[in-house]
Amino acid sequence: MCGIISVIDRSRNVMDGGAIKNALALMNERGSGEGAGYAVYGAYPDFRDYYALHVFYDNLVEPKKAVEELLNKWGEIEYSEEIPTYEQKRLKKQHIPWRYFFKPDPKLLAGSCSPEEDAIINIVNKVNTQINGALIFSSGKNIGVFKASGWPEDVANFYKIEDYEGYIWMGHNRYPTNTSGWWGGAHPFNLLDWSVIHNGEITSYGTNRRYIESFGYKCTMKTDTEVVAYLADLLGRRHKLPDEISVKALAPPFWDEIDRMPEKEKKLYTTLRMAYGSAMMNGPFAIVVAKPEGIVGFTDRIKLRPMIAAESGDCLYISSEEAAIRRMNPDLDRVWMPKAGEPVIGMVKR
Amino acid sequence: MTIGSVPPKYKIAIDRDQCMLCERCIDNCSYGVFRKEDQKIIADSRKCTACHRCIAMCPRDAINLHEKPNDYRSHPVWTRETREAIYNQAKSGKIILSGMGNAGDYPIIFDKLVLDACQVTNPSIDPLREPMEIRTYIGKKPRQVEVSKNSSGDYDLNTELAPNLKLDTPVMIGHMSYGAISLNAQLAMAKAVHEVGTYMGTGEGGLHKSLFPYQDRMIVQIASGRFGVDVDYLERGAAIEIKIGQGAKPGIGGHLPGEKVSEEVSKTRMIPIHSDAISPAPHHDIYSIEDLAQLVRSLKEATEWKKPVFVKIAAVHNAPAIAAGIARSSADAVVIDGFKGGTGAAPRVFRDNVGIPIEAAVAAVDSKLRSQGVRNEISIIASGGIRNSADLTKSIALGADAVYIGTAALVAMGCRVCGSCYRGLCPWGIATQRPELVKRLNPDEASKNVANLIKGWTLELSELMGAAGINSIESLRGNRDRLRGYMLDEGLMNVLDVKTVGA
Ligand code: SF4
Ligand code: SF4
């Protein structure tokens with residue numbers, strides 16, 4: 001079990017983190033106090049052109065020195081500071097969250113079609129696999145992830161989440177079964193512009209992990225959710241698939257349905273399934289993937305995990321529970337239960 | 001000084017109270033074990049191969065067959081087999097032949113791998129009530145798909161798919177040639193694969209005309225002897241397979257003894273009647289991976305790029321590097337044949353000592369192709385010692401797209417794994433060309449048995465997948481997380497990339 005909630009204001013009006021904190025706390029039945037987290041898009045307007053790297057440090061000596069050496073090698077740190085935190089009775093501070101606003105030097109990766117992004121992925125992989133005592137858990141532009149081991153309201157208060165504002169919010173309340181509750185294992189998971197919250201267990205993880213690793217990604221978080229972020233990055237950014245199509249690759253229709261489709265569609269879906277068979281996700285899940293342009297929510301193909309969507313004006317909500325959405329906004333225009341594998345997409349207006 | 005004869009391996013005893021002198025045992029034994037003397041059935045145990053035909057056909061259960069205990073002085077090093085091989089070679093000065101798979105006492109890795117199941121945190125899926133997808137496509141897959149939005153708002157596909165074989169079950173039947181086995185045996189299997197929606201191999205024996213109705217389910221093979229190969233043969237197959245090596249005898253060619261080259265076999269193979277059909281160890285136009293790539297392309301050209309081309313290699317220690325080379329040619333699938341694979345005839349020293357197990361080979365090949373980023377572009381077919389649905393499921397979890405079965409299909413038709421196929425006297429009508437023996441196998445009945453076997457395994461595969469919370473085979477493929485090693489050493493677990501039980 002786990003509780004997920006996400007909201008986007010399609011007109012890019014910003015909301016503070018107060019409402020999502022209350023909504024997430026309403027789903028405490030779905031957590032165990034071992035992990036909660038928030039992601040906010042639009043968090044750092046003053047540094048919107050810099051990658052905001054959030055790092056958990058075990059101490060501020062060796063790992064910090066190593067990370068900063070690496071960053072200075074790859075580009076320029078514009079500004080850095082400890083992320084402000086506020087002591088909570090029920091939350092043990094295990095790491096020191098730090099943030100850097102960083103710009104990689106694109107010349108260092110000449111020959112790549114997206115040198116900045118590739119440099120960041122490289123840095124994240126290096127830090128998370130090779131530098132003991134440091135973990136980069138957020139690396140997008142104008143995006144911030146805030147997470148820890150604890151109950152949703154404690155984690156929110158620890159970071160004073162209501163001090164942040166953004167046009168997309170995500171929240172996750174964790175009930176871990178696969179790996180112990182550790183800070184890095186809390187959701188959202190983030191890589192570059194992608195953030196993921198996930199309720200469920202991906203039984204195809206072994207296949208997905210080995211697939212994504214063959215494209216150079218390294219799974220370091222010991223959990224199935226991070227592969228979703230990498231798959232979203234591979235399909236969306238590198239393979240340039242539109243969101244609807246990416247979702248159809250990750251949670252494709254059954255062969256029975258494909259066989260009944262009109263010729264043209266059948267060909268498209270057959271090709272997608274054959275090409276991305278190892279990327280398709282199996283097992284019970286409800287997932288929301290966010291990027292600066294919007295959010296996409298979808299469930300597994302037989303809907304073994306709950307997912308509910310709602311709209312109010314320009315706001316689109318996706319959550320495990322209707323009650324959580326109503327806690328954010330009791331006045332909804334439309335509430336619906338999407339079908340299995342059917343994506344719910346909310347994009348900002350251009 | 002003469003060495004004398006070695007003691008018989010089996011002992012046959014007839015229960016005289018039961019025997020009704022019907023003489024069926026005499027008729028059924030192609031090795032001439034039985035005769036009638038003085039109103040008694042006498043058995044010459046020395047000739048017995050333990051093919052069990054007599055026992056299966058005796059209406060009174062009057063025949064008892066025992067493996068005869070070792071009456072040499074027992075010795076842990078100089079075993080019976082070791083000594084008898086020496087006696088036989090000291091007499092003959094020849095290579096010792098044998099049929100069927102590796103008879104060495106090696107641990108079977110499959111038996112030390114256990115599958116995983118769901119409890120609570122993710123629900124297991126019930127294949128009787130929920131969809132379970134095991135459809136598999138064998139062939140090249142695009143690395144990525146390109147689509148573009150058209151003016152009416154839907155998506156146009158800009159990626160062209162290469163031809164693939166569509167399998168309703170990931171179980172295929174591997175290559176056993178006409179010549180090595182009988183036409184009835186091939187017919188039976190061809191009908192079976194047709195029924196269950198899968199494919200079988202022709203072996204290197206050409207395609208007999210009575211198999212033409214099933215040609216869209218046949219993978220035609222090109223081996224080093226090139227027997228039976230012409231453009232008509234290529235065009236008839238659903239796919240083409242180049243055989244570089246075979247698990248039972250890596251590094252050597254094949255040998256079909258002249259006695260098995262009957263008139264029909266000679267026509268199908270395009271060789272003189274009763275001549276030995278000897279395929280050379282290498283293909284004489286393939287001396288490097290580039291040569292192989294050229295042959296792959298020539299075959300594709302010859303068939304207008306309409307048919308997938310597979311390359312089969314024996315599982316040897318550098319199979320991963322070879323497979324990576326094959327993946328970079330235009331080949332669509334690589335078949336890896338493990339050292340427990342069966343054969344009609346192989347030098348025993350090869351069968352029992354050369355090659356590596358399929359479990360390790362598939363795992364290593366899959367990992368290598370992934371590390372080079374080309375796994376998705378080629379299919380992997382595992383063969384050589386797949387005995388049941390658990391082996392099938394574990395092969396897929398280790399990284400295979402599908403498996404070939406050989407011995408299992410023959411056993412489904414009656415084969416008792418007596419290992420005497422090379423003598424051409426198979427009493428079950430399978431590994432023989434003698435008309436009186438061939439007709440013992442009814443292709444319709446045998447085809448039902450083979451189809452039933454594949455159906456049964458397929459159902460078991462679905463159940464195993466459902467228990468693991470997986471409802472499509474793509475998510476089982478290469479999913480090493482669903483396997484655990486039980487009493488496997490660390491080195492092997494690293495190769496298999498599986499964790500130990502309890503981890
Ligand atoms: S088949 Fe059985 S009953 Fe018939 S003769 Fe042989 S041993 Fe006797
Ligand atoms: S095919 Fe015939 S000869 Fe070969 S092992 Fe089976 S029963 Fe024996």
# chains A, B, ... in the order shown; residues from 1 in each chain; ligands from 1
call {"tool": "residues_around", "arguments": {"residues": "region 252-269 of chain B", "least_positions_apart": "6", "cutoff": "9 Å", "atoms": "only C-alpha atoms", "output": "short mmCIF file (atom, residue, chain, number, x, y, z; two decimals) with all heavy atoms, in the first residue's frame"}}
result
data_model
loop_
_atom_site.label_atom_id
_atom_site.label_comp_id
_atom_site.auth_asym_id
_atom_site.auth_seq_id
_atom_site.Cartn_x
_atom_site.Cartn_y
_atom_site.Cartn_z
N TYR B 178 15.04 -35.27 -40.95
CA TYR B 178 14.52 -36.48 -41.60
C TYR B 178 15.74 -37.27 -42.02
O TYR B 178 16.58 -36.82 -42.78
CB TYR B 178 13.67 -36.08 -42.82
CG TYR B 178 13.16 -37.26 -43.62
CD1 TYR B 178 12.70 -38.39 -42.96
CD2 TYR B 178 13.13 -37.24 -45.01
CE1 TYR B 178 12.23 -39.48 -43.68
CE2 TYR B 178 12.66 -38.32 -45.73
CZ TYR B 178 12.22 -39.44 -45.05
OH TYR B 178 11.76 -40.52 -45.76
N GLY B 179 15.82 -38.47 -41.48
CA GLY B 179 17.06 -39.24 -41.63
C GLY B 179 17.46 -39.66 -40.23
O GLY B 179 17.51 -40.84 -39.91
N ALA B 180 17.66 -38.66 -39.38
CA ALA B 180 17.91 -38.98 -37.97
C ALA B 180 16.63 -39.56 -37.38
O ALA B 180 16.64 -40.56 -36.68
CB ALA B 180 18.32 -37.74 -37.22
N LEU B 183 9.98 -40.07 -40.93
CA LEU B 183 9.03 -39.11 -41.48
C LEU B 183 7.77 -39.04 -40.62
O LEU B 183 7.22 -37.97 -40.39
CB LEU B 183 8.68 -39.53 -42.91
CG LEU B 183 7.95 -38.49 -43.73
CD1 LEU B 183 8.71 -37.18 -43.80
CD2 LEU B 183 7.71 -39.01 -45.15
N GLU B 204 18.87 -30.68 -40.61
CA GLU B 204 19.61 -30.43 -41.84
C GLU B 204 19.29 -31.48 -42.91
O GLU B 204 20.13 -31.79 -43.75
CB GLU B 204 21.11 -30.39 -41.58
CG GLU B 204 21.70 -31.66 -41.03
CD GLU B 204 23.22 -31.68 -41.15
OE1 GLU B 204 23.74 -31.14 -42.14
OE2 GLU B 204 23.87 -32.23 -40.27
N GLY B 205 18.09 -31.98 -42.86
CA GLY B 205 17.78 -33.08 -43.76
C GLY B 205 16.89 -32.71 -44.93
O GLY B 205 16.37 -33.57 -45.63
N GLY B 206 16.67 -31.42 -45.15
CA GLY B 206 15.75 -31.03 -46.21
C GLY B 206 14.31 -31.10 -45.72
O GLY B 206 14.05 -31.37 -44.55
N LEU B 207 13.39 -30.81 -46.64
CA LEU B 207 11.97 -30.79 -46.28
C LEU B 207 11.24 -31.79 -47.20
O LEU B 207 11.14 -31.57 -48.40
CB LEU B 207 11.42 -29.38 -46.47
CG LEU B 207 9.99 -29.13 -46.05
CD1 LEU B 207 9.85 -29.19 -44.53
CD2 LEU B 207 9.50 -27.77 -46.54
N HIS B 208 10.77 -32.86 -46.59
CA HIS B 208 10.07 -33.88 -47.39
C HIS B 208 8.72 -33.32 -47.85
O HIS B 208 8.08 -32.55 -47.13
CB HIS B 208 9.86 -35.13 -46.54
CG HIS B 208 9.34 -36.29 -47.34
ND1 HIS B 208 8.00 -36.53 -47.47
CD2 HIS B 208 9.99 -37.25 -48.02
CE1 HIS B 208 7.83 -37.61 -48.23
NE2 HIS B 208 9.03 -38.06 -48.58
N LYS B 209 8.28 -33.77 -49.03
CA LYS B 209 7.07 -33.15 -49.60
C LYS B 209 5.83 -33.38 -48.74
O LYS B 209 4.92 -32.57 -48.76
CB LYS B 209 6.85 -33.60 -51.04
CG LYS B 209 6.73 -35.10 -51.25
CD LYS B 209 6.62 -35.39 -52.73
CE LYS B 209 6.51 -36.86 -53.06
NZ LYS B 209 7.51 -37.74 -52.40
N ALA B 223 22.81 -26.47 -42.57
CA ALA B 223 23.98 -26.86 -41.77
C ALA B 223 25.17 -26.98 -42.71
O ALA B 223 25.07 -26.71 -43.91
CB ALA B 223 23.69 -28.16 -41.04
N SER B 224 26.29 -27.40 -42.16
CA SER B 224 27.53 -27.37 -42.94
C SER B 224 27.49 -28.31 -44.15
O SER B 224 28.17 -28.09 -45.13
CB SER B 224 28.71 -27.71 -42.05
OG SER B 224 28.49 -28.98 -41.46
N GLY B 225 26.65 -29.36 -44.09
CA GLY B 225 26.55 -30.28 -45.23
C GLY B 225 25.68 -29.74 -46.35
O GLY B 225 25.73 -30.23 -47.47
N ARG B 226 24.86 -28.73 -46.01
CA ARG B 226 23.93 -28.10 -46.96
C ARG B 226 22.99 -29.12 -47.61
O ARG B 226 22.57 -28.96 -48.75
CB ARG B 226 24.70 -27.34 -48.08
CG ARG B 226 25.65 -26.29 -47.57
CD ARG B 226 24.89 -25.04 -47.12
NE ARG B 226 25.65 -24.27 -46.16
CZ ARG B 226 26.49 -23.29 -46.45
NH1 ARG B 226 26.69 -22.96 -47.71
NH2 ARG B 226 27.13 -22.64 -45.53
N PHE B 227 22.71 -30.20 -46.87
CA PHE B 227 21.83 -31.23 -47.45
C PHE B 227 20.43 -30.69 -47.67
O PHE B 227 19.85 -30.05 -46.80
CB PHE B 227 21.75 -32.45 -46.52
CG PHE B 227 23.08 -33.07 -46.26
CD1 PHE B 227 23.56 -33.25 -44.96
CD2 PHE B 227 23.89 -33.49 -47.32
CE1 PHE B 227 24.79 -33.82 -44.73
CE2 PHE B 227 25.13 -34.06 -47.09
CZ PHE B 227 25.58 -34.22 -45.79
N GLY B 228 19.91 -30.96 -48.83
CA GLY B 228 18.51 -30.62 -49.13
C GLY B 228 18.25 -29.14 -49.35
O GLY B 228 17.11 -28.71 -49.41
N VAL B 229 19.33 -28.33 -49.46
CA VAL B 229 19.13 -26.89 -49.56
C VAL B 229 19.05 -26.43 -51.01
O VAL B 229 19.95 -26.69 -51.80
CB VAL B 229 20.27 -26.13 -48.85
CG1 VAL B 229 20.09 -24.62 -49.01
CG2 VAL B 229 20.34 -26.51 -47.38
N ILE B 244 25.48 -23.55 -36.79
CA ILE B 244 26.93 -23.55 -36.67
C ILE B 244 27.33 -24.72 -35.77
O ILE B 244 28.30 -25.42 -36.05
CB ILE B 244 27.43 -22.22 -36.06
CG1 ILE B 244 27.03 -21.05 -36.94
CG2 ILE B 244 28.93 -22.26 -35.82
CD1 ILE B 244 27.68 -21.01 -38.31
N GLY B 245 26.60 -24.91 -34.72
CA GLY B 245 26.98 -25.98 -33.80
C GLY B 245 25.78 -26.52 -33.06
O GLY B 245 24.70 -25.95 -33.09
N GLN B 246 26.03 -27.62 -32.38
CA GLN B 246 24.96 -28.32 -31.66
C GLN B 246 25.47 -28.68 -30.27
O GLN B 246 26.64 -29.07 -30.12
CB GLN B 246 24.63 -29.58 -32.46
CG GLN B 246 23.49 -30.39 -31.90
CD GLN B 246 23.22 -31.63 -32.75
OE1 GLN B 246 23.70 -31.74 -33.88
NE2 GLN B 246 22.46 -32.56 -32.21
N SER B 275 24.37 -43.58 -48.93
CA SER B 275 25.70 -43.01 -48.70
C SER B 275 25.70 -42.36 -47.31
O SER B 275 24.68 -41.87 -46.84
CB SER B 275 26.01 -41.94 -49.76
OG SER B 275 25.08 -40.87 -49.63
N ASP B 276 26.84 -42.39 -46.65
CA ASP B 276 26.94 -41.70 -45.36
C ASP B 276 26.77 -40.20 -45.60
O ASP B 276 27.37 -39.66 -46.53
CB ASP B 276 28.33 -41.93 -44.74
CG ASP B 276 28.44 -43.33 -44.13
OD1 ASP B 276 27.45 -44.09 -44.19
OD2 ASP B 276 29.52 -43.65 -43.62
N ALA B 277 25.96 -39.57 -44.79
CA ALA B 277 25.81 -38.11 -44.93
C ALA B 277 26.66 -37.46 -43.85
O ALA B 277 26.30 -37.45 -42.68
CB ALA B 277 24.34 -37.72 -44.76
N ILE B 278 27.82 -36.98 -44.28
CA ILE B 278 28.76 -36.43 -43.31
C ILE B 278 28.82 -34.92 -43.45
O ILE B 278 29.25 -34.40 -44.48
CB ILE B 278 30.16 -37.04 -43.52
CG1 ILE B 278 30.05 -38.57 -43.32
CG2 ILE B 278 31.16 -36.43 -42.55
CD1 ILE B 278 31.30 -39.32 -43.64
N SER B 279 28.35 -34.21 -42.43
CA SER B 279 28.48 -32.75 -42.50
C SER B 279 29.81 -32.37 -41.87
O SER B 279 30.16 -32.86 -40.80
CB SER B 279 27.33 -32.03 -41.80
OG SER B 279 26.54 -32.91 -41.09
N PRO B 280 30.53 -31.47 -42.54
CA PRO B 280 31.84 -31.09 -42.01
C PRO B 280 31.73 -30.31 -40.71
O PRO B 280 30.65 -29.79 -40.39
CB PRO B 280 32.42 -30.22 -43.13
CG PRO B 280 31.32 -29.88 -44.04
CD PRO B 280 30.19 -30.82 -43.80
N ALA B 281 32.84 -30.23 -40.00
CA ALA B 281 32.82 -29.50 -38.73
C ALA B 281 32.50 -28.02 -38.96
O ALA B 281 31.56 -27.50 -38.36
CB ALA B 281 34.13 -29.69 -37.99
N PRO B 282 33.23 -27.30 -39.80
CA PRO B 282 32.81 -25.93 -40.08
C PRO B 282 32.03 -25.87 -41.38
O PRO B 282 32.06 -26.82 -42.18
CB PRO B 282 34.14 -25.18 -40.24
CG PRO B 282 35.05 -26.21 -40.85
CD PRO B 282 34.57 -27.57 -40.40
N GLY B 344 21.07 -37.68 -32.39
CA GLY B 344 20.90 -39.02 -32.92
C GLY B 344 22.18 -39.82 -32.72
O GLY B 344 22.15 -40.98 -32.32
N ALA B 345 23.30 -39.20 -32.98
CA ALA B 345 24.58 -39.88 -32.82
C ALA B 345 25.66 -38.84 -32.57
O ALA B 345 25.72 -37.82 -33.25
CB ALA B 345 24.92 -40.67 -34.07
N ALA B 346 26.49 -39.10 -31.57
CA ALA B 346 27.63 -38.22 -31.31
C ALA B 346 28.72 -39.06 -30.70
O ALA B 346 28.43 -40.06 -30.04
CB ALA B 346 27.23 -37.11 -30.36
N PHE B 350 32.47 -36.35 -26.78
CA PHE B 350 31.94 -34.99 -27.00
C PHE B 350 30.67 -34.78 -26.20
O PHE B 350 30.52 -33.81 -25.47
CB PHE B 350 31.65 -34.77 -28.50
CG PHE B 350 32.86 -34.25 -29.23
CD1 PHE B 350 33.84 -35.12 -29.66
CD2 PHE B 350 33.01 -32.90 -29.45
CE1 PHE B 350 34.96 -34.65 -30.32
CE2 PHE B 350 34.13 -32.42 -30.10
CZ PHE B 350 35.12 -33.30 -30.54
N TYR B 422 21.49 -44.00 -32.73
CA TYR B 422 22.48 -44.08 -33.81
C TYR B 422 22.46 -45.44 -34.51
O TYR B 422 23.02 -45.59 -35.59
CB TYR B 422 23.89 -43.79 -33.26
CG TYR B 422 24.35 -44.75 -32.20
CD1 TYR B 422 25.20 -45.80 -32.52
CD2 TYR B 422 23.90 -44.64 -30.88
CE1 TYR B 422 25.60 -46.71 -31.56
CE2 TYR B 422 24.29 -45.53 -29.92
CZ TYR B 422 25.14 -46.57 -30.26
OH TYR B 422 25.53 -47.47 -29.31
N ARG B 423 21.80 -46.41 -33.91
CA ARG B 423 21.78 -47.73 -34.56
C ARG B 423 20.66 -47.86 -35.58
O ARG B 423 20.60 -48.84 -36.33
CB ARG B 423 21.67 -48.82 -33.49
CG ARG B 423 22.93 -48.88 -32.66
CD ARG B 423 22.83 -49.86 -31.53
NE ARG B 423 22.56 -51.21 -32.00
CZ ARG B 423 22.30 -52.23 -31.18
NH1 ARG B 423 22.28 -52.04 -29.87
NH2 ARG B 423 22.05 -53.42 -31.67
N GLY B 424 19.75 -46.91 -35.60
CA GLY B 424 18.71 -46.91 -36.63
C GLY B 424 17.65 -47.98 -36.41
O GLY B 424 16.89 -48.30 -37.33
N THR B 432 14.52 -44.07 -36.73
CA THR B 432 14.73 -45.20 -37.63
C THR B 432 14.16 -44.85 -39.00
O THR B 432 13.31 -43.96 -39.10
CB THR B 432 14.04 -46.47 -37.09
OG1 THR B 432 14.25 -47.54 -38.01
CG2 THR B 432 12.54 -46.26 -36.91
N GLN B 433 14.64 -45.55 -40.01
CA GLN B 433 14.03 -45.40 -41.34
C GLN B 433 13.48 -46.74 -41.83
O GLN B 433 13.01 -46.85 -42.95
CB GLN B 433 15.05 -44.87 -42.36
CG GLN B 433 15.62 -43.51 -42.01
CD GLN B 433 14.56 -42.44 -41.81
OE1 GLN B 433 13.51 -42.47 -42.45
NE2 GLN B 433 14.82 -41.51 -40.90
N ARG B 434 13.54 -47.77 -41.00
CA ARG B 434 13.02 -49.07 -41.44
C ARG B 434 11.50 -49.01 -41.52
O ARG B 434 10.85 -48.73 -40.50
CB ARG B 434 13.42 -50.15 -40.45
CG ARG B 434 14.91 -50.26 -40.35
CD ARG B 434 15.31 -51.58 -39.80
NE ARG B 434 16.75 -51.64 -39.86
CZ ARG B 434 17.45 -52.74 -39.81
NH1 ARG B 434 16.84 -53.91 -39.66
NH2 ARG B 434 18.76 -52.71 -39.89
#
call {"tool": "select_by_dssp", "arguments": {"residues": "region 256-484 of chain B", "states": "helix (DSSP H, G or I)", "output": "number ranges by chain"}}
result
B: 258-260, 263-269, 289-302, 319-328, 348-353, 358-371, 375-377, 389-398, 407-412, 421-423, 435-438, 443-467, 473-475, 480-482
call {"tool": "residues_around", "arguments": {"residues": "Asp9 (chain A)", "least_positions_apart": "2", "cutoff": "6 Å", "atoms": "only C-alpha atoms", "output": "number ranges by chain"}}
result
A: 11-13, 167, 314-315
call {"tool": "write_last_selection", "arguments": {"atoms": "N, CA and C atoms", "output": "PDB file, in the first residue's frame"}}
result
ATOM      1  N   SER A  11      -3.176  26.486 -15.678  1.00  0.00           N
ATOM      2  CA  SER A  11      -2.862  27.875 -16.039  1.00  0.00           C
ATOM      3  C   SER A  11      -1.590  28.348 -15.359  1.00  0.00           C
ATOM      4  N   ARG A  12      -0.909  27.441 -14.713  1.00  0.00           N
ATOM      5  CA  ARG A  12       0.352  27.745 -14.033  1.00  0.00           C
ATOM      6  C   ARG A  12       0.197  28.675 -12.830  1.00  0.00           C
ATOM      7  N   ASN A  13      -1.022  28.784 -12.297  1.00  0.00           N
ATOM      8  CA  ASN A  13      -1.144  29.524 -11.033  1.00  0.00           C
ATOM      9  C   ASN A  13      -0.481  28.696  -9.947  1.00  0.00           C
ATOM     10  N   TYR A 167       3.191  25.082  -9.449  1.00  0.00           N
ATOM     11  CA  TYR A 167       1.963  24.818 -10.212  1.00  0.00           C
ATOM     12  C   TYR A 167       1.687  23.321 -10.350  1.00  0.00           C
ATOM     13  N   ASP A 314      -9.152  24.879 -13.647  1.00  0.00           N
ATOM     14  CA  ASP A 314      -7.929  24.502 -14.346  1.00  0.00           C
ATOM     15  C   ASP A 314      -7.146  23.419 -13.624  1.00  0.00           C
ATOM     16  N   CYS A 315      -7.624  23.036 -12.452  1.00  0.00           N
ATOM     17  CA  CYS A 315      -6.849  22.063 -11.674  1.00  0.00           C
ATOM     18  C   CYS A 315      -7.273  20.635 -11.992  1.00  0.00           C
TER      19      CYS A 315
END
call {"tool": "residues_around", "arguments": {"residues": "Ser195 (chain A)", "least_positions_apart": "5", "cutoff": "12 Å", "atoms": "only C-alpha atoms", "output": "number ranges by chain"}}
result
A: 6, 37-41, 137-141, 143-146, 168-172, 187-190, 225-233, 287-292, 294-297
call {"tool": "residues_near_ligand", "arguments": {"ligand": "ligand 1", "cutoff": "8 Å", "atoms": "only C-alpha atoms and all ligand atoms", "output": "list in words"}}
result
Ile14, Asp15, Arg16, Gln18, Cys19, Met20, Leu21, Cys22, Glu23, Arg24, Cys25, Ile26, Phe34, Ile41, Cys54, Ile55, Met57, Cys58, Pro59, Arg60, Asp61, Ala62 and Ile63 of chain B
call {"tool": "residues_near_ligand", "arguments": {"ligand": "ligand 2", "cutoff": "6 Å", "atoms": "only C-alpha atoms and all ligand atoms", "output": "PyMOL selection string"}}
result
chain B and resi 51+100+415-421+426+428+430-431
call {"tool": "write_last_selection", "arguments": {"atoms": "all heavy atoms", "output": "CSV table (one decimal), in the first residue's frame"}}
result
chain,number,residue,atom,x,y,z
B,51,CYS,N,15.0,-50.2,-24.2
B,51,CYS,CA,14.1,-49.3,-24.9
B,51,CYS,C,12.7,-49.5,-24.4
B,51,CYS,O,11.8,-48.7,-24.7
B,51,CYS,CB,14.1,-49.6,-26.4
B,51,CYS,SG,13.2,-51.1,-26.9
B,100,MET,N,21.2,-39.6,-27.9
B,100,MET,CA,20.6,-38.8,-26.8
B,100,MET,C,21.6,-38.0,-26.0
B,100,MET,O,22.7,-37.8,-26.5
B,100,MET,CB,19.8,-39.8,-25.8
B,100,MET,CG,18.5,-40.3,-26.4
B,100,MET,SD,17.8,-38.9,-27.3
B,100,MET,CE,16.1,-39.2,-27.3
B,415,CYS,N,9.4,-42.3,-27.0
B,415,CYS,CA,10.9,-42.6,-26.8
B,415,CYS,C,11.2,-42.8,-25.3
B,415,CYS,O,10.6,-42.2,-24.5
B,415,CYS,CB,11.7,-41.4,-27.3
B,415,CYS,SG,13.3,-41.3,-26.6
B,416,ARG,N,12.0,-43.9,-25.1
B,416,ARG,CA,12.3,-44.2,-23.7
B,416,ARG,C,13.7,-43.8,-23.3
B,416,ARG,O,14.3,-44.3,-22.3
B,416,ARG,CB,12.0,-45.7,-23.4
B,416,ARG,CG,10.6,-46.1,-23.7
B,416,ARG,CD,9.6,-45.6,-22.6
B,416,ARG,NE,8.3,-45.7,-23.1
B,416,ARG,CZ,7.3,-46.4,-22.5
B,416,ARG,NH1,7.5,-47.1,-21.4
B,416,ARG,NH2,6.1,-46.4,-23.0
B,417,VAL,N,14.3,-42.9,-24.1
B,417,VAL,CA,15.7,-42.4,-23.9
B,417,VAL,C,16.7,-43.6,-23.7
B,417,VAL,O,17.5,-43.6,-22.8
B,417,VAL,CB,15.7,-41.5,-22.7
B,417,VAL,CG1,17.0,-40.6,-22.7
B,417,VAL,CG2,14.5,-40.5,-22.7
B,418,CYS,N,16.5,-44.6,-24.6
B,418,CYS,CA,17.5,-45.7,-24.4
B,418,CYS,C,18.9,-45.4,-24.9
B,418,CYS,O,19.8,-46.0,-24.6
B,418,CYS,CB,16.9,-47.0,-25.2
B,418,CYS,SG,17.0,-46.8,-26.9
B,419,GLY,N,18.9,-44.3,-25.7
B,419,GLY,CA,20.2,-43.8,-26.2
B,419,GLY,C,20.8,-44.6,-27.3
B,419,GLY,O,22.0,-44.5,-27.6
B,420,SER,N,20.0,-45.4,-28.0
B,420,SER,CA,20.6,-46.2,-29.1
B,420,SER,C,20.1,-45.7,-30.5
B,420,SER,O,20.2,-46.4,-31.5
B,420,SER,CB,20.1,-47.6,-29.0
B,420,SER,OG,20.6,-48.1,-27.7
B,421,CYS,N,19.8,-44.4,-30.6
B,421,CYS,CA,19.2,-43.9,-31.8
B,421,CYS,C,20.2,-44.1,-33.0
B,421,CYS,O,19.8,-44.3,-34.1
B,421,CYS,CB,19.0,-42.4,-31.7
B,421,CYS,SG,18.4,-41.8,-30.1
B,426,CYS,N,15.4,-47.9,-33.8
B,426,CYS,CA,14.4,-47.5,-32.8
B,426,CYS,C,13.1,-48.2,-32.8
B,426,CYS,O,12.4,-48.2,-33.8
B,426,CYS,CB,14.2,-46.0,-32.9
B,426,CYS,SG,12.9,-45.4,-31.7
B,428,TRP,N,10.5,-47.7,-31.4
B,428,TRP,CA,9.3,-46.9,-31.3
B,428,TRP,C,9.0,-46.2,-32.6
B,428,TRP,O,8.1,-45.3,-32.7
B,428,TRP,CB,9.5,-45.8,-30.1
B,428,TRP,CG,9.5,-46.5,-28.8
B,428,TRP,CD1,10.6,-47.0,-28.2
B,428,TRP,CD2,8.4,-46.9,-28.0
B,428,TRP,NE1,10.3,-47.7,-27.0
B,428,TRP,CE2,8.9,-47.6,-26.9
B,428,TRP,CE3,7.0,-46.7,-28.1
B,428,TRP,CZ2,8.1,-48.1,-25.9
B,428,TRP,CZ3,6.2,-47.2,-27.1
B,428,TRP,CH2,6.8,-47.9,-26.0
B,430,ILE,N,10.8,-44.0,-34.1
B,430,ILE,CA,11.2,-42.6,-34.1
B,430,ILE,C,12.5,-42.4,-34.8
B,430,ILE,O,12.6,-41.8,-35.9
B,430,ILE,CB,11.2,-42.0,-32.7
B,430,ILE,CG1,9.9,-42.1,-32.0
B,430,ILE,CG2,11.7,-40.6,-32.7
B,430,ILE,CD1,9.9,-41.9,-30.5
B,431,ALA,N,13.6,-42.9,-34.2
B,431,ALA,CA,14.9,-42.7,-34.8
B,431,ALA,C,15.3,-43.9,-35.7
B,431,ALA,O,16.2,-44.7,-35.4
B,431,ALA,CB,16.0,-42.6,-33.7
